[in-house]
Amino acid sequence: MPMYHLDGVPLDHPAGCWRAKVGTKRRPIPGARSVSVKVPGVAGELPVYGLDLETTTLPLVIGVTGRTPAGADGGFEQLEHNLEAVSAMLGVRHRLMQLTYTAGSIVRVAGITVEAVSEPEINTSAARARLTAVCKIPGVYWRDPAEVTWAGAANAASQLVTPLAGSTGPIVDAVLRVTGPAVNPSITDVASGGTVGRSSGLLAGQRLLIDCGQMRARLVTSDTWDLTSGTDVTGTIIATGPGSAFCWLHLTPAIAVGDPHSRAVLVTATATSTTSASGLEIRARRSFL
């Protein structure tokens, strides 16, 4: 059965203090922001590609009981304590809360804010209540809980980024690491055609770190992913392709012909003067609609 956890707290309490009701369904699929471009003399509308997605909302319907954390019947007084506990969970306003959706081995996480909570419907005699919290997912996408690191070649075409296979949404916050020697290193997302690179050279032992989400880059001389170390070379990075003015290199899953279960992220890396010591690494989390 699917379950939700809010900041690590199960919405199906193990002792039955509260439980996500039937009204809480699978996470919604976001819709695209509509854009209409009409030209006189041209039938219909001009097609617009790469539309941004709208934020999504998710109603969490929670039933609250009078059970104690030990599983005993605590009556209406315990119902009040449980309602206060649920209110505290839903009342965080100073940061994004982490909502985790699990279904068997599937785990997806998203940062959320609670926009509104309904007045609890209370059955005093049965010591039960029911309320609905409307959650907004500002970042739209659900993600894997942890990052993975993939290693490939600094100069090779259509490389399969294996750990990102299965994604359904673009990954716009990957961190890339190019290890020298390499001259004019460049990485291209095969599906979208977006490219990020640097018109300069890397010596042996040097590494170029590119944070695509934060649009910053560092040149380091040690085996590190620390984007506060080394030399800032953000101004030397060249990025092209859809959305590159806001996030570099959208790693986009492509569906294999005739098989929507096969979704792969492919990248092409180019550089000259490479050796066996050269390499490309990608650190990222999968993204899901």
# chains A, B, ... in the order shown; residues from 1 in each chain; ligands from 1
$ select_by_dssp --residues "region 27-225 of chain A" --states "helix (DSSP H, G or I)" --output "count of residues only"
19
$ atom_distance --atom1 "CA of Ser199 (chain A)" --atom2 "CA of Ser186 (chain A)"
8.5 Å
$ closest_residue --among "A:Val64, A:Ala254, A:Val134, A:Leu208" --to "Asp12 (chain A)" --atoms "only C-alpha atoms"
A:Val64
$ residues_around --residues "Pro47 (chain A)" --least-positions-apart "6" --cutoff "12 Å" --atoms "only C-alpha atoms" --output "PyMOL selection string"
chain A and resi 34-39
$ closest_atom_pairs --of "region 41-94 of chain A" --to "region 233-245 of chain A" --cutoff "12 Å" --atoms "only C-alpha atoms" --output "tab-separated table"
residue	atom	partner	partner_atom	distance
A:Val48	CA	A:Pro242	CA	11.7
A:Tyr49	CA	A:Pro242	CA	9.0
A:Gly50	CA	A:Pro242	CA	7.0
A:Leu51	CA	A:Gly243	CA	9.7
A:Asp52	CA	A:Gly243	CA	9.4
$ residues_around --residues "Val220 (chain A)" --least-positions-apart "2" --cutoff "6 Å" --atoms "only C-alpha atoms" --output "ChimeraX atom specification"
/A:206-207,222,230
$ write_last_selection --atoms "all heavy atoms" --output "short mmCIF file (atom, residue, chain, number, x, y, z; two decimals), in the first residue's frame"
data_model
loop_
_atom_site.label_atom_id
_atom_site.label_comp_id
_atom_site.auth_asym_id
_atom_site.auth_seq_id
_atom_site.Cartn_x
_atom_site.Cartn_y
_atom_site.Cartn_z
N GLN A 206 43.72 18.48 -12.91
CA GLN A 206 42.72 19.51 -12.69
C GLN A 206 41.32 18.96 -12.94
O GLN A 206 41.13 18.07 -13.76
CB GLN A 206 42.96 20.72 -13.59
CG GLN A 206 44.16 21.56 -13.22
CD GLN A 206 44.27 22.81 -14.08
OE1 GLN A 206 43.95 22.79 -15.27
NE2 GLN A 206 44.73 23.90 -13.48
N ARG A 207 40.35 19.54 -12.25
CA ARG A 207 38.96 19.13 -12.41
C ARG A 207 38.07 20.36 -12.52
O ARG A 207 38.23 21.32 -11.75
CB ARG A 207 38.50 18.25 -11.23
CG ARG A 207 39.20 16.89 -11.20
CD ARG A 207 38.89 16.14 -9.91
NE ARG A 207 39.47 14.81 -9.93
CZ ARG A 207 40.73 14.53 -9.61
NH1 ARG A 207 41.57 15.51 -9.27
NH2 ARG A 207 41.18 13.28 -9.63
N SER A 222 42.10 19.03 -6.69
CA SER A 222 42.04 17.85 -5.83
C SER A 222 40.79 17.05 -6.17
O SER A 222 39.89 17.52 -6.87
CB SER A 222 42.02 18.25 -4.35
OG SER A 222 40.90 19.07 -4.07
N GLY A 230 38.76 25.83 -4.66
CA GLY A 230 39.32 26.11 -5.98
C GLY A 230 39.07 27.54 -6.45
O GLY A 230 38.84 28.46 -5.67
#
$ closest_atom_pairs --of "region 87-180 of chain A" --to "region 256-268 of chain A" --cutoff "8 Å" --atoms "only C-alpha atoms" --output "Markdown table"
| residue | atom | partner | partner_atom | distance |
| --- | --- | --- | --- | --- |
| A:Asn155 | CA | A:Thr268 | CA | 7.6 |
| A:Ala156 | CA | A:Thr268 | CA | 5.9 |
| A:Ala157 | CA | A:Thr268 | CA | 4.3 |
| A:Ser158 | CA | A:Thr268 | CA | 4.9 |
| A:Gln159 | CA | A:Val267 | CA | 5.2 |
| A:Leu160 | CA | A:Leu266 | CA | 4.7 |
| A:Val161 | CA | A:Val265 | CA | 5.6 |
| A:Thr162 | CA | A:Ala264 | CA | 7.5 |
| A:Leu164 | CA | A:Val265 | CA | 6.3 |
| A:Ala165 | CA | A:Ala264 | CA | 4.6 |
| A:Gly166 | CA | A:Arg263 | CA | 4.9 |
| A:Ser167 | CA | A:Arg263 | CA | 6.5 |
| A:Thr168 | CA | A:Arg263 | CA | 7.3 |
$ closest_residue --among "A:Ala146, A:Ala15, A:Leu79, A:Cys135" --to "Leu96 (chain A)" --atoms "only C-alpha atoms"
A:Cys135
$ select_by_dssp --residues "region 85-188 of chain A" --states "strand (DSSP E)" --output "number ranges by chain"
A: 97-103, 106-117, 121-123, 128-137, 142-143, 148-152, 156-160, 175-179, 182-188
$ atom_distance --atom1 "CA of Ala154 (chain A)" --atom2 "CA of Phe288 (chain A)"
27.5 Å
$ residues_around --residues "Leu289 (chain A)" --least-positions-apart "6" --cutoff "7 Å" --atoms "only C-alpha atoms" --output "PyMOL selection string"
chain A and resi 29-30+141-142+168-169
$ write_last_selection --atoms "C-alpha atoms" --output "compact mmCIF listing (two decimals), in the first residue's frame"
# COMPACT_ATOMS: atom_id res chain seq x y z
CA ILE A 29 0.76 14.81 -12.61
CA PRO A 30 1.63 18.48 -13.28
CA TYR A 141 9.03 17.37 -9.56
CA TRP A 142 9.39 14.42 -7.21
CA THR A 168 10.15 10.89 -16.21
CA GLY A 169 11.12 14.54 -15.68
$ atom_distance --atom1 "CA of Tyr4 (chain A)" --atom2 "CA of Ala129 (chain A)"
19.0 Å
$ closest_residue --among "A:Ala182, A:Val107, A:Leu176, A:Ile112" --to "Arg143 (chain A)" --atoms "only C-alpha atoms"
A:Val107
$ closest_residue --among "A:Arg177, A:His250, A:Arg19, A:Arg218" --to "Thr195 (chain A)" --atoms "only C-alpha atoms"
A:His250
$ residues_around --residues "region 275-286 of chain A" --least-positions-apart "2" --cutoff "6 Å" --atoms "only C-alpha atoms" --output "VMD selection string"
chain A and resid 143 to 144 147 to 154 164 167 174 to 181
$ write_last_selection --atoms "N, CA, C and O atoms" --output "PDB file, in the first residue's frame"
ATOM      1  N   ARG A 143      11.562  13.584  -6.518  1.00  0.00           N
ATOM      2  CA  ARG A 143      12.948  13.200  -6.727  1.00  0.00           C
ATOM      3  C   ARG A 143      13.286  11.923  -5.970  1.00  0.00           C
ATOM      4  O   ARG A 143      12.579  11.504  -5.050  1.00  0.00           O
ATOM      5  N   ASP A 144      14.392  11.314  -6.354  1.00  0.00           N
ATOM      6  CA  ASP A 144      14.965  10.246  -5.541  1.00  0.00           C
ATOM      7  C   ASP A 144      15.459  10.841  -4.230  1.00  0.00           C
ATOM      8  O   ASP A 144      15.846  12.014  -4.175  1.00  0.00           O
ATOM      9  N   GLU A 147      21.422  11.365  -3.978  1.00  0.00           N
ATOM     10  CA  GLU A 147      22.153  11.529  -5.230  1.00  0.00           C
ATOM     11  C   GLU A 147      22.922  10.265  -5.581  1.00  0.00           C
ATOM     12  O   GLU A 147      23.288   9.474  -4.705  1.00  0.00           O
ATOM     13  N   VAL A 148      23.181  10.092  -6.860  1.00  0.00           N
ATOM     14  CA  VAL A 148      24.041   9.012  -7.337  1.00  0.00           C
ATOM     15  C   VAL A 148      25.116   9.636  -8.225  1.00  0.00           C
ATOM     16  O   VAL A 148      24.942  10.732  -8.759  1.00  0.00           O
ATOM     17  N   THR A 149      26.231   8.935  -8.348  1.00  0.00           N
ATOM     18  CA  THR A 149      27.344   9.433  -9.158  1.00  0.00           C
ATOM     19  C   THR A 149      27.631   8.443 -10.274  1.00  0.00           C
ATOM     20  O   THR A 149      27.751   7.237 -10.035  1.00  0.00           O
ATOM     21  N   TRP A 150      27.725   8.975 -11.467  1.00  0.00           N
ATOM     22  CA  TRP A 150      28.010   8.162 -12.654  1.00  0.00           C
ATOM     23  C   TRP A 150      29.334   8.612 -13.245  1.00  0.00           C
ATOM     24  O   TRP A 150      29.651   9.806 -13.262  1.00  0.00           O
ATOM     25  N   ALA A 151      30.130   7.661 -13.725  1.00  0.00           N
ATOM     26  CA  ALA A 151      31.421   7.962 -14.340  1.00  0.00           C
ATOM     27  C   ALA A 151      31.404   7.536 -15.798  1.00  0.00           C
ATOM     28  O   ALA A 151      30.997   6.412 -16.133  1.00  0.00           O
ATOM     29  N   GLY A 152      31.847   8.448 -16.672  1.00  0.00           N
ATOM     30  CA  GLY A 152      31.915   8.155 -18.098  1.00  0.00           C
ATOM     31  C   GLY A 152      33.184   8.707 -18.706  1.00  0.00           C
ATOM     32  O   GLY A 152      34.139   9.043 -17.998  1.00  0.00           O
ATOM     33  N   ALA A 153      33.189   8.816 -20.017  1.00  0.00           N
ATOM     34  CA  ALA A 153      34.366   9.276 -20.750  1.00  0.00           C
ATOM     35  C   ALA A 153      34.245  10.768 -21.059  1.00  0.00           C
ATOM     36  O   ALA A 153      33.145  11.291 -21.252  1.00  0.00           O
ATOM     37  N   ALA A 154      35.384  11.446 -21.114  1.00  0.00           N
ATOM     38  CA  ALA A 154      35.407  12.878 -21.409  1.00  0.00           C
ATOM     39  C   ALA A 154      35.245  13.172 -22.889  1.00  0.00           C
ATOM     40  O   ALA A 154      35.038  14.327 -23.272  1.00  0.00           O
ATOM     41  N   LEU A 164      20.479   7.316 -13.877  1.00  0.00           N
ATOM     42  CA  LEU A 164      19.351   8.228 -14.091  1.00  0.00           C
ATOM     43  C   LEU A 164      18.265   7.610 -14.966  1.00  0.00           C
ATOM     44  O   LEU A 164      17.257   8.258 -15.256  1.00  0.00           O
ATOM     45  N   SER A 167      13.877   7.998 -15.133  1.00  0.00           N
ATOM     46  CA  SER A 167      13.319   9.326 -14.846  1.00  0.00           C
ATOM     47  C   SER A 167      12.176   9.633 -15.800  1.00  0.00           C
ATOM     48  O   SER A 167      12.154   9.183 -16.944  1.00  0.00           O
ATOM     49  N   ALA A 174      21.940  18.919 -11.845  1.00  0.00           N
ATOM     50  CA  ALA A 174      23.072  17.997 -11.779  1.00  0.00           C
ATOM     51  C   ALA A 174      24.374  18.761 -11.568  1.00  0.00           C
ATOM     52  O   ALA A 174      24.504  19.927 -11.953  1.00  0.00           O
ATOM     53  N   VAL A 175      25.331  18.093 -10.944  1.00  0.00           N
ATOM     54  CA  VAL A 175      26.688  18.618 -10.828  1.00  0.00           C
ATOM     55  C   VAL A 175      27.586  17.769 -11.713  1.00  0.00           C
ATOM     56  O   VAL A 175      27.593  16.533 -11.603  1.00  0.00           O
ATOM     57  N   LEU A 176      28.330  18.417 -12.615  1.00  0.00           N
ATOM     58  CA  LEU A 176      29.224  17.732 -13.543  1.00  0.00           C
ATOM     59  C   LEU A 176      30.662  17.911 -13.073  1.00  0.00           C
ATOM     60  O   LEU A 176      31.025  18.961 -12.535  1.00  0.00           O
ATOM     61  N   ARG A 177      31.485  16.896 -13.319  1.00  0.00           N
ATOM     62  CA  ARG A 177      32.909  17.019 -13.010  1.00  0.00           C
ATOM     63  C   ARG A 177      33.718  16.445 -14.164  1.00  0.00           C
ATOM     64  O   ARG A 177      33.603  15.259 -14.486  1.00  0.00           O
ATOM     65  N   VAL A 178      34.494  17.319 -14.793  1.00  0.00           N
ATOM     66  CA  VAL A 178      35.363  16.921 -15.899  1.00  0.00           C
ATOM     67  C   VAL A 178      36.794  16.885 -15.373  1.00  0.00           C
ATOM     68  O   VAL A 178      37.278  17.857 -14.784  1.00  0.00           O
ATOM     69  N   THR A 179      37.467  15.752 -15.580  1.00  0.00           N
ATOM     70  CA  THR A 179      38.840  15.589 -15.125  1.00  0.00           C
ATOM     71  C   THR A 179      39.796  15.706 -16.310  1.00  0.00           C
ATOM     72  O   THR A 179      39.580  15.090 -17.359  1.00  0.00           O
ATOM     73  N   GLY A 180      40.839  16.523 -16.143  1.00  0.00           N
ATOM     74  CA  GLY A 180      41.814  16.723 -17.206  1.00  0.00           C
ATOM     75  C   GLY A 180      42.829  15.594 -17.300  1.00  0.00           C
ATOM     76  O   GLY A 180      42.840  14.687 -16.465  1.00  0.00           O
ATOM     77  N   PRO A 181      43.622  15.606 -18.365  1.00  0.00           N
ATOM     78  CA  PRO A 181      43.719  16.671 -19.355  1.00  0.00           C
ATOM     79  C   PRO A 181      42.552  16.655 -20.338  1.00  0.00           C
ATOM     80  O   PRO A 181      42.099  15.602 -20.753  1.00  0.00           O
TER      81      PRO A 181
END
$ closest_residue --among "A:Leu131, A:Ala217, A:Met1, A:Leu251" --to "Asp173 (chain A)" --atoms "only C-alpha atoms"
A:Leu251
$ residues_around --residues "Val117 (chain A)" --least-positions-apart "4" --cutoff "10 Å" --atoms "only C-alpha atoms" --output "number ranges by chain"
A: 59-61, 87, 90-91, 131-135
$ write_last_selection --atoms "C-alpha atoms" --output "compact mmCIF listing (two decimals), in the first residue's frame"
# COMPACT_ATOMS: atom_id res chain seq x y z
CA PRO A 59 -4.69 17.15 -0.69
CA LEU A 60 -3.72 15.13 2.38
CA VAL A 61 -6.88 13.83 4.06
CA SER A 87 -1.30 20.71 13.65
CA LEU A 90 1.41 20.81 9.27
CA GLY A 91 2.26 24.20 10.77
CA LEU A 131 -9.19 17.25 8.29
CA THR A 132 -7.67 18.05 4.91
CA ALA A 133 -4.32 19.77 4.35
CA VAL A 134 -3.70 21.29 0.92
CA CYS A 135 0.00 20.97 0.06
